[in-house]
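Peer 1: Sending over entry-v4.txt (compact mmCIF, C-alpha atoms).
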```txt
# COMPACT_ATOMS: atom_id res chain seq x y z
CA MET A 1 -30.17 5.73 -2.14
CA GLN A 2 -30.25 9.42 -3.06
CA CYS A 3 -27.65 12.11 -2.35
CA ASN A 4 -28.48 14.25 0.66
CA LYS A 5 -27.80 17.44 -1.33
CA CYS A 6 -29.32 16.70 -4.76
CA GLU A 7 -31.37 14.10 -6.62
CA ASN A 8 -28.45 12.07 -8.01
CA PRO A 9 -27.72 8.53 -6.78
CA ALA A 10 -25.36 8.30 -3.80
CA VAL A 11 -21.91 6.71 -4.17
CA ILE A 12 -21.19 6.53 -0.42
CA GLU A 13 -23.10 6.47 2.86
CA LEU A 14 -21.13 8.68 5.22
CA GLN A 15 -21.93 8.76 8.90
CA HIS A 16 -23.85 12.02 8.51
CA ALA A 17 -25.35 11.58 5.01
CA PRO A 18 -25.22 9.80 1.64
CA LEU A 19 -23.48 11.78 -1.12
CA CYS A 20 -23.36 11.59 -4.94
CA LYS A 21 -20.16 11.73 -7.00
CA THR A 22 -20.01 15.53 -7.36
CA HIS A 23 -20.88 16.28 -3.74
CA PHE A 24 -18.52 13.61 -2.43
CA ILE A 25 -15.56 14.97 -4.43
CA ASN A 26 -16.33 18.47 -3.16
CA TYR A 27 -16.72 17.21 0.44
CA PHE A 28 -13.47 15.22 0.27
CA GLU A 29 -11.31 17.98 -1.20
CA THR A 30 -12.74 20.54 1.24
CA LYS A 31 -12.00 18.19 4.15
CA VAL A 32 -8.35 17.75 3.06
CA PHE A 33 -7.82 21.50 2.57
CA LYS A 34 -9.46 22.23 5.95
CA THR A 35 -7.12 19.69 7.60
CA ILE A 36 -4.08 21.43 6.05
CA ASN A 37 -5.31 24.82 7.29
CA LYS A 38 -6.53 23.73 10.74
CA PHE A 39 -3.29 21.98 11.70
CA LYS A 40 -1.08 24.46 9.76
CA LEU A 41 0.49 21.61 7.79
CA ILE A 42 1.85 23.77 4.95
CA ASP A 43 3.41 27.20 5.24
CA ARG A 44 3.69 29.54 2.24
CA LYS A 45 7.52 29.30 2.40
CA ASP A 46 7.65 25.50 2.57
CA ASN A 47 9.35 23.45 -0.12
CA ILE A 48 7.29 20.29 -0.29
CA CYS A 49 8.44 16.71 -0.69
CA VAL A 50 5.58 14.21 -1.04
CA ALA A 51 6.39 10.65 0.04
CA THR A 52 4.94 8.40 -2.64
CA SER A 53 4.51 4.70 -3.40
CA GLY A 54 2.02 4.67 -6.28
CA GLY A 55 -0.82 3.50 -4.02
CA LYS A 56 -4.16 5.27 -3.58
CA ASP A 57 -3.09 7.39 -0.59
CA SER A 58 0.11 8.77 -2.05
CA LEU A 59 -1.41 9.56 -5.47
CA THR A 60 -4.31 11.37 -3.76
CA VAL A 61 -2.13 13.35 -1.39
CA LEU A 62 0.29 14.26 -4.19
CA TYR A 63 -2.56 15.46 -6.43
CA LEU A 64 -4.33 17.40 -3.67
CA THR A 65 -1.18 18.99 -2.23
CA LYS A 66 -0.41 20.36 -5.68
CA LYS A 67 -4.04 21.50 -6.04
CA TYR A 68 -3.87 23.18 -2.60
CA MET A 69 -0.67 25.02 -3.56
CA GLN A 70 -2.29 26.21 -6.80
CA LYS A 71 -5.49 27.29 -4.99
CA TYR A 72 -3.57 29.35 -2.43
CA GLN A 73 -0.97 30.49 -5.02
CA ILE A 74 1.95 28.95 -3.13
CA LYS A 75 4.83 29.20 -5.58
CA THR A 76 7.44 27.08 -3.77
CA ASN A 77 8.75 23.74 -5.05
CA ILE A 78 6.87 20.42 -4.86
CA PHE A 79 8.41 17.07 -5.78
CA ALA A 80 7.66 13.37 -5.18
CA LEU A 81 10.06 10.94 -3.48
CA ALA A 82 9.64 7.16 -3.62
CA VAL A 83 11.50 4.33 -1.90
CA ASP A 84 12.23 1.17 -3.88
CA GLU A 85 12.48 -1.38 -1.07
CA GLY A 86 13.42 -4.22 -3.40
CA ILE A 87 10.28 -6.38 -3.12
CA GLU A 88 10.14 -8.50 -6.25
CA ASP A 89 6.91 -8.62 -8.28
CA TYR A 90 5.36 -5.85 -6.16
CA ARG A 91 7.12 -2.53 -5.97
CA GLU A 92 8.20 -2.38 -9.63
CA HIS A 93 4.49 -2.36 -10.63
CA THR A 94 3.44 0.41 -8.26
CA LEU A 95 6.50 2.49 -9.20
CA LYS A 96 5.55 2.24 -12.89
CA ASP A 97 2.05 3.60 -12.08
CA LEU A 98 3.66 6.35 -10.03
CA GLN A 99 6.04 7.36 -12.83
CA ASP A 100 3.10 7.63 -15.27
CA PHE A 101 1.05 9.66 -12.76
CA CYS A 102 3.90 12.11 -12.04
CA LYS A 103 4.48 12.57 -15.77
CA ASP A 104 0.77 13.35 -16.31
CA GLN A 105 0.73 15.77 -13.39
CA ASN A 106 4.07 17.35 -14.37
CA ILE A 107 5.64 16.64 -10.95
CA GLU A 108 9.31 15.70 -10.57
CA LEU A 109 9.84 12.19 -9.12
CA LYS A 110 12.96 10.98 -7.32
CA ILE A 111 13.45 7.30 -6.45
CA VAL A 112 15.92 5.99 -3.82
CA SER A 113 16.41 2.26 -3.26
CA ASN A 114 17.24 0.24 -0.15
CA LYS A 115 19.93 -1.41 -2.28
CA GLN A 116 21.77 1.87 -2.94
CA GLU A 117 21.35 3.14 0.64
CA PHE A 118 21.83 -0.06 2.69
CA ASN A 119 23.29 -2.41 0.06
CA THR A 120 20.43 -4.83 0.80
CA THR A 121 16.99 -5.26 -0.75
CA LEU A 122 14.06 -5.98 1.56
CA ASP A 123 13.79 -9.47 0.05
CA GLU A 124 17.45 -10.11 1.00
CA ALA A 125 16.98 -8.53 4.44
CA TYR A 126 13.87 -10.66 5.05
CA THR A 127 15.80 -13.91 4.66
CA ILE A 128 18.29 -12.78 7.30
CA SER A 129 15.77 -11.03 9.52
CA LYS A 130 13.87 -14.29 10.07
CA TYR A 131 16.88 -15.58 12.03
CA LEU A 132 16.87 -12.39 14.10
CA LYS A 133 13.12 -12.74 14.71
CA LYS A 134 12.50 -9.31 13.21
CA LYS A 135 9.29 -8.66 11.29
CA PRO A 136 9.87 -7.53 7.68
CA CYS A 137 7.48 -4.59 8.23
CA ASN A 138 9.75 -3.32 11.04
CA VAL A 139 12.83 -3.38 8.81
CA CYS A 140 10.89 -1.85 5.90
CA GLY A 141 9.30 0.90 8.02
CA VAL A 142 12.52 1.97 9.74
CA TRP A 143 14.50 2.07 6.49
CA ARG A 144 11.73 3.83 4.58
CA ARG A 145 11.40 6.58 7.20
CA TYR A 146 15.20 6.94 7.23
CA ILE A 147 15.44 7.34 3.43
CA LEU A 148 12.46 9.71 3.23
CA ASN A 149 13.88 11.97 5.94
CA LYS A 150 17.46 11.92 4.64
CA TYR A 151 16.61 12.55 0.98
CA SER A 152 13.79 15.05 1.48
CA LYS A 153 16.32 17.06 3.53
CA LYS A 154 19.03 16.55 0.91
CA TYR A 155 16.76 17.83 -1.88
CA GLY A 156 15.80 20.95 0.08
CA ALA A 157 12.35 20.12 1.43
CA THR A 158 11.10 21.83 4.59
CA LYS A 159 8.00 19.60 4.89
CA LEU A 160 7.51 15.94 4.07
CA VAL A 161 3.89 15.26 3.09
CA THR A 162 2.75 11.66 3.61
CA GLY A 163 -0.42 9.83 2.58
CA HIS A 164 -1.20 8.50 6.07
CA ASN A 165 -4.96 8.45 6.47
CA LEU A 166 -7.49 8.05 9.27
CA ASP A 167 -7.32 4.24 9.17
CA ASP A 168 -3.50 4.21 9.32
CA GLU A 169 -3.49 6.60 12.24
CA ALA A 170 -6.27 4.81 14.18
CA GLN A 171 -4.33 1.55 13.78
CA VAL A 172 -1.09 3.08 15.10
CA ILE A 173 -2.88 4.69 18.06
CA ILE A 174 -4.40 1.33 19.06
CA MET A 175 -1.10 -0.50 18.48
CA ASN A 176 0.70 1.98 20.75
CA ILE A 177 -1.96 1.61 23.45
CA PHE A 178 -1.89 -2.20 23.26
CA LYS A 179 1.91 -2.15 23.56
CA ALA A 180 2.01 0.68 26.14
CA ASN A 181 4.18 2.85 23.86
CA THR A 182 2.95 6.20 25.12
CA ALA A 183 6.30 7.87 24.37
CA LEU A 184 5.97 6.81 20.72
CA ALA A 185 2.33 7.95 20.64
CA GLY A 186 3.52 11.53 21.18
CA ARG A 187 5.37 11.43 17.87
CA ILE A 188 2.30 10.77 15.72
CA GLY A 189 -0.62 13.12 14.97
CA PRO A 190 -1.25 15.36 11.93
CA ILE A 191 2.32 16.72 12.31
CA SER A 192 4.77 13.96 13.21
CA GLY A 193 7.65 14.53 15.56
CA THR A 194 7.49 16.07 18.97
CA GLN A 195 9.92 18.87 18.40
CA LYS A 196 11.48 20.89 15.62
CA SER A 197 14.97 19.54 14.95
CA GLU A 198 17.70 20.15 12.39
CA PHE A 199 17.79 16.35 11.87
CA PHE A 200 14.13 15.99 10.94
CA VAL A 201 12.02 17.27 8.12
CA GLN A 202 8.57 17.55 9.71
CA ARG A 203 6.13 14.97 8.37
CA VAL A 204 2.57 16.20 7.76
CA LYS A 205 -0.61 14.27 6.93
CA PRO A 206 -3.28 16.06 4.88
CA LEU A 207 -5.41 12.86 4.66
CA TYR A 208 -5.55 12.63 8.48
CA MET A 209 -9.37 12.82 8.55
CA CYS A 210 -10.02 10.63 5.47
CA SER A 211 -10.76 6.90 5.70
CA ASP A 212 -9.35 4.18 3.42
CA LYS A 213 -12.79 3.89 1.83
CA GLU A 214 -13.10 7.62 1.14
CA VAL A 215 -9.60 7.79 -0.39
CA ARG A 216 -10.17 4.74 -2.61
CA LEU A 217 -13.52 6.15 -3.73
CA TYR A 218 -11.90 9.50 -4.56
CA THR A 219 -9.22 7.85 -6.71
CA PHE A 220 -11.87 5.77 -8.50
CA LEU A 221 -14.11 8.77 -9.21
CA LYS A 222 -11.14 10.86 -10.36
CA GLY A 223 -9.99 8.07 -12.67
CA PHE A 224 -6.54 7.64 -11.08
CA LYS A 225 -5.01 4.30 -12.05
CA VAL A 226 -4.66 2.31 -8.81
CA LYS A 227 -4.14 -1.39 -9.32
CA TYR A 228 -4.91 -3.83 -6.54
CA SER A 229 -1.58 -5.18 -5.41
CA GLU A 230 -0.69 -6.39 -1.98
CA CYS A 231 2.76 -6.42 -0.44
CA PRO A 232 3.70 -10.10 0.03
CA TYR A 233 4.80 -9.32 3.59
CA SER A 234 1.78 -7.23 4.68
CA LYS A 235 -0.19 -10.07 6.30
CA GLU A 236 2.75 -10.89 8.57
CA GLY A 237 2.37 -7.69 10.55
CA TYR A 238 0.68 -7.08 13.90
CA ARG A 239 -0.97 -4.11 12.21
CA HIS A 240 -2.97 -6.36 9.88
CA GLN A 241 -4.80 -7.88 12.85
CA ILE A 242 -5.52 -4.46 14.35
CA GLN A 243 -6.84 -3.32 10.95
CA GLU A 244 -9.29 -6.26 10.80
CA MET A 245 -10.43 -5.65 14.36
CA LEU A 246 -11.11 -1.95 13.70
CA ASN A 247 -12.99 -2.67 10.46
CA ASN A 248 -15.18 -5.20 12.29
CA PHE A 249 -15.94 -2.59 14.94
CA GLU A 250 -16.56 0.12 12.35
CA SER A 251 -19.11 -1.99 10.47
CA LYS A 252 -21.04 -2.54 13.71
CA TYR A 253 -20.49 0.87 15.29
CA LYS A 254 -20.12 3.66 12.68
CA GLY A 255 -17.69 6.36 13.71
CA THR A 256 -15.41 4.12 15.79
CA LYS A 257 -12.22 5.11 13.92
CA GLN A 258 -13.10 8.80 13.94
CA GLY A 259 -13.77 8.47 17.69
CA ILE A 260 -10.27 7.02 18.22
CA ILE A 261 -8.73 9.92 16.28
CA ASN A 262 -10.75 12.58 18.14
CA SER A 263 -9.89 11.09 21.55
CA PHE A 264 -6.23 10.92 20.56
CA LEU A 265 -6.17 14.57 19.41
CA ASP A 266 -7.54 15.58 22.83
CA LEU A 267 -4.74 13.65 24.55
CA LEU A 268 -1.93 14.64 22.16
CA PRO A 269 -0.75 17.82 23.96
CA ASN A 270 -0.14 15.73 27.12
CA LEU A 271 1.66 12.99 25.17
CA LYS A 272 3.97 15.51 23.49
CA GLU A 273 5.39 16.40 26.91
CA GLN A 274 6.94 12.92 27.10
CA GLU A 275 9.20 13.53 24.10
CA GLN A 276 12.66 12.06 23.95
CA ILE A 277 15.77 14.13 23.29
CA ILE A 278 17.04 13.72 19.73
CA ASN A 279 20.75 12.95 19.29
CA HIS A 280 22.70 12.14 16.16
CA CYS A 281 23.73 8.65 15.11
CA GLU A 282 27.43 7.89 15.66
CA ASN A 283 27.53 5.91 12.42
CA CYS A 284 25.62 7.97 9.84
CA GLY A 285 24.98 11.33 11.55
CA GLU A 286 21.20 11.14 11.11
CA ALA A 287 18.68 11.53 13.97
CA ALA A 288 18.86 8.92 16.75
CA SER A 289 17.35 8.38 20.18
CA SER A 290 20.46 6.47 21.33
CA LYS A 291 24.05 6.04 20.05
CA LEU A 292 22.95 4.45 16.78
CA CYS A 293 19.80 5.24 14.79
CA ASN A 294 17.32 2.40 14.24
CA ALA A 295 18.25 2.09 10.54
CA CYS A 296 21.96 1.54 11.39
CA LYS A 297 21.07 -0.85 14.24
CA ILE A 298 19.13 -3.05 11.79
CA LYS A 299 21.95 -2.86 9.22
CA CYS A 300 24.50 -3.90 11.91
CA ASP A 301 22.27 -6.79 13.07
CA LEU A 302 21.85 -8.04 9.50
CA ASP A 303 25.58 -7.71 8.72
CA ASN A 304 26.49 -9.65 11.87
CA ALA A 305 23.83 -12.37 11.44
CA MET B 1 -23.60 -13.33 -11.25
CA LYS B 2 -20.05 -12.66 -12.44
CA ILE B 3 -17.77 -11.15 -9.82
CA ASN B 4 -14.26 -9.74 -10.09
CA TYR B 5 -12.64 -9.29 -6.66
CA GLU B 6 -8.96 -8.50 -6.12
CA ASN B 7 -8.10 -9.47 -9.71
CA LYS B 8 -9.87 -12.85 -9.42
CA ASP B 9 -13.01 -13.81 -11.39
CA SER B 10 -15.80 -16.02 -10.06
CA THR B 11 -19.45 -16.83 -10.80
CA ILE B 12 -22.16 -17.31 -8.14
CA LYS B 13 -25.95 -17.65 -8.01
CA PHE B 14 -27.24 -14.49 -6.35
CA THR B 15 -30.21 -12.13 -6.20
CA GLY B 16 -30.53 -9.51 -3.47
CA ASN B 17 -28.99 -6.18 -2.50
CA VAL B 18 -25.33 -5.19 -2.18
CA LYS B 19 -25.33 -5.58 1.60
CA GLN B 20 -26.63 -9.17 1.29
CA LEU B 21 -24.07 -9.95 -1.44
CA LEU B 22 -21.16 -8.81 0.75
CA LYS B 23 -22.56 -10.80 3.67
CA GLN B 24 -22.79 -13.92 1.50
CA LEU B 25 -19.20 -13.41 0.32
CA ASN B 26 -18.07 -12.76 3.91
CA ILE B 27 -16.60 -9.36 2.97
CA ASN B 28 -16.68 -6.43 5.41
CA GLU B 29 -18.39 -3.50 3.66
CA GLU B 30 -15.87 -1.08 5.20
CA THR B 31 -13.10 -2.69 3.15
CA VAL B 32 -14.52 -2.54 -0.40
CA LEU B 33 -16.27 -0.54 -3.11
CA VAL B 34 -18.88 -2.36 -5.20
CA ILE B 35 -19.04 -1.32 -8.87
CA LYS B 36 -21.54 -2.09 -11.66
CA ASP B 37 -21.24 -0.56 -15.14
CA ASN B 38 -18.52 1.78 -13.80
CA GLN B 39 -20.93 3.17 -11.15
CA VAL B 40 -20.26 2.86 -7.42
CA LEU B 41 -23.20 1.26 -5.61
CA THR B 42 -24.52 1.89 -2.11
CA THR B 43 -25.48 -1.13 -0.01
CA ASP B 44 -29.24 -0.79 -0.63
CA ILE B 45 -29.00 -1.27 -4.43
CA GLN B 46 -30.74 -4.39 -5.75
CA LEU B 47 -28.71 -6.76 -7.93
CA GLU B 48 -29.76 -9.43 -10.39
CA ASP B 49 -28.19 -12.75 -11.17
CA LYS B 50 -27.26 -11.56 -14.69
CA ASP B 51 -25.20 -8.62 -13.35
CA THR B 52 -21.43 -8.33 -13.62
CA ILE B 53 -19.94 -6.84 -10.46
CA GLN B 54 -16.50 -5.54 -9.62
CA ILE B 55 -15.43 -5.43 -5.98
CA LEU B 56 -12.47 -3.13 -5.24
CA SER B 57 -10.49 -3.47 -2.05
CA VAL B 58 -10.01 -0.10 -0.34
CA ILE B 59 -7.13 -1.30 1.82
CA SER B 60 -3.62 -0.41 0.75
CA GLY B 61 -1.35 -3.29 -0.02
CA GLY B 62 1.34 -2.20 2.45
```
Could you write out this file's structure as structure tokens?

Peer 2:
Amino acid sequence: MQCNKCENPAVIELQHAPLCKTHFINYFETKVFKTINKFKLIDRKDNICVATSGGKDSLTVLYLTKKYMQKYQIKTNIFALAVDEGIEDYREHTLKDLQDFCKDQNIELKIVSNKQEFNTTLDEAYTISKYLKKKPCNVCGVWRRYILNKYSKKYGATKLVTGHNLDDEAQVIIMNIFKANTALAGRIGPISGTQKSEFFVQRVKPLYMCSDKEVRLYTFLKGFKVKYSECPYSKEGYRHQIQEMLNNFESKYKGTKQGIINSFLDLLPNLKEQEQIINHCENCGEAASSKLCNACKIKCDLDNA
Amino acid sequence: MKINYENKDSTIKFTGNVKQLLKQLNINEETVLVIKDNQVLTTDIQLEDKDTIQILSVISGG
């Protein structure tokens, strides 16, 4: 198959056309920069914290956020922040790749662990959480978001860039619809959070319009080292089943995931009206929708189990 | 044909295009990149039994 724009062989068949390596890289980077501009994800005065794990999405978003700042001569600070959940034989490998990448790219990397913040690794929490019938992905997700928000704020960031991509977002939209969580749905989108708050560093998603396949292809063509490694808990999640369902649909009906995103963006202004008031947690002082934040609720449950 | 998929090696008898290979292996084409000689292949590319293929998962590990 030939590229739609030149005579070179195609590396991907997009919905609109096949593209070769050079034209795909150009298309991909342009799409990310357009997303940042269209949704006003980065302001010239923003200090940027990029949430990183060492996976394909976070390496790509870290690299392209820095490239965007250079292109538009944004001189403010950019640094990477990673969470070490304490998942043996998994996270230590991806963190090593991340450390090497940040060194190559000359970007400062800060690492915070669940152990130092909650005195419990995810492996330890998992053993207890089984008794409480909590999914490990719930514990991991709540604690990760807590650490990213708290430490990006602590280190002076005004925006938290994440590597969430089109697949991630389409999965969450469908999960929220299946579980009738319309109030939660209002908090997602290219800029997370329904309101500006002193408790929250706004989370922004430059890869919002890029699929898993496009991001993985970009990292391969750019020569970023991304090893295949799978979190030992990932197949336990509800999300995994949604992901399979959407990929089955996408292979039969091209454009399904993009359709979900476009429909959601049309509905988002209405969903944002349902926002909840943000309080502060009585235990730790961070953002909470009730007396305790979700991170402290989980910690209390585990301590009392 | 020698295949490396998700860090595991295997050998199968196969001749056909990439789309047919993925169908035979029961892999959804949305979830992988297929590589030969460090080049990414589209689904129409013909393969031979002597080829060595790498299949990369595009899905993040969580």

Peer 1: To one decimal place, how far is CA of Ile55 (chain B) from CA of Cys231 (chain A) in Å?

Peer 2: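 Between CA of Ile55 (chain B) and CA of Cys231 (chain A) the gap is 19.0 Å.
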
Peer 1: Which residues, written as a PyMOL selection string, have at least one atom at most 12 Å from Met69 (chain A), with only C-alpha atoms counted and residues fewer than 4 positions away on the same chain left out?

Peer 2: chain A and resi 33+36-37+41-48+61-65+73-78

Peer 1: Enclose all atoms of region 8-27 of chain B listed in the file in an axis-aligned box, grow every side by 4 Å, and hand back centre and edge lengths in Å to one decimal, as JSON.

Peer 2:
```
{"center_x": -20.2, "center_y": -11.4, "center_z": -3.7, "size_x": 28.7, "size_y": 20.5, "size_z": 23.3}
```

Peer 1: Calculated over only C-alpha atoms, which of the candidates A:Lys56, A:Lys40, A:Lys225, A:Arg203 has the smallest distance to chain B?

Peer 2: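 Using only C-alpha atoms, the shortest distance to chain B belongs to A:Lys56.
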
Peer 1: Measure the distance from CA of Gln116 (chain A) to CA of Cys140 (chain A) in Å and round it to one decimal.

Peer 2: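 For CA of Gln116 (chain A) relative to CA of Cys140 (chain A), the distance reads 14.5 Å.
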
Peer 1: If you count all atoms listed in the file, which residues fall within 9 Å of Lys13 (chain B), apart from same-chain ones fewer than 5 positions away, as a compact mmCIF listing (two decimals) with C-alpha atoms, in the coordinates of the input?

Peer 2:
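Output saved as out16.txt:
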```txt
# COMPACT_ATOMS: atom_id res chain seq x y z
CA MET B 1 -23.60 -13.33 -11.25
CA LYS B 2 -20.05 -12.66 -12.44
CA ASP B 49 -28.19 -12.75 -11.17
```

Peer 1: Once you count all atoms listed in the file, which residues of chain A turn out to be within 6 Å of chain B? Could you give them as JSON, numbers by chain?

Peer 2: {"A": [11, 12, 212, 213, 216, 229, 230, 231, 234]}

Peer 1: Okay, now the selection with C-alpha atoms, as an mmCIF file, in the coordinates of the input?

Peer 2:
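In the end it all went to result29.cif:
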```cif
data_model
loop_
_atom_site.group_PDB
_atom_site.id
_atom_site.type_symbol
_atom_site.label_atom_id
_atom_site.label_comp_id
_atom_site.auth_asym_id
_atom_site.auth_seq_id
_atom_site.Cartn_x
_atom_site.Cartn_y
_atom_site.Cartn_z
ATOM 1 C CA VAL A 11 -21.910 6.710 -4.170
ATOM 2 C CA ILE A 12 -21.190 6.530 -0.420
ATOM 3 C CA ASP A 212 -9.350 4.180 3.420
ATOM 4 C CA LYS A 213 -12.790 3.890 1.830
ATOM 5 C CA ARG A 216 -10.170 4.740 -2.610
ATOM 6 C CA SER A 229 -1.580 -5.180 -5.410
ATOM 7 C CA GLU A 230 -0.690 -6.390 -1.980
ATOM 8 C CA CYS A 231 2.760 -6.420 -0.440
ATOM 9 C CA SER A 234 1.780 -7.230 4.680
#
```

Peer 1: Would you kindly return, as an MDAnalysis selection string, each protein, DNA or RNA residue with an atom no farther than 7 Å from any atom of region 16-21 of chain B, considering all atoms listed in the file and excluding same-chain residues fewer than 2 positions away?

Peer 2: chainID B and resid 14 23:25 43:48

Peer 1: Mind pulling up the distance from CA of His240 (chain A) to CA of Val161 (chain A)?

Peer 2: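 Separation of CA of Val161 (chain A) and CA of His240 (chain A): 23.7 Å.
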
Peer 1: Which is closer to Met245 (chain A) than all the others in A:Thr94, A:Ser152, A:Gln171, A:Thr127, using all atoms listed in the file?

Peer 2: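 Ranking A:Thr94, A:Ser152, A:Gln171, A:Thr127 by distance to Met245 (chain A), first place goes to A:Gln171.
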
Peer 1: Counting only C-alpha atoms, figure out which residue out of B:Leu22, B:Thr15, B:Asp37, B:Ile27 gets nearest to Lys50 (chain B).

Peer 2: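 Closest candidate: B:Thr15.
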
Peer 1: Env of Lys96 (chain A): 12 Å cut, atoms = only C-alpha atoms, seq-sep filter 3 positions within chain, self excluded. Answer as a list in words.

Peer 2: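 After dropping sequence-adjacent residues, the list is Thr52, Ser53, Gly54, Gly55, Ala82, Asp84, Asp89, Tyr90, Arg91, Glu92, His93, Gln99, Asp100, Phe101, Cys102, Lys103, Leu109, Ile111, Lys225, Val226 and Lys227 of chain A.
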
Peer 1: Residues near Leu14 (chain A), anyone? I mean within 10 Å using only C-alpha atoms, not counting same-chain ones fewer than 6 positions away, as a list in words.

Peer 2: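 Contacts, in chain order: Phe24, Glu214, Lys254 and Gly255 of chain A.
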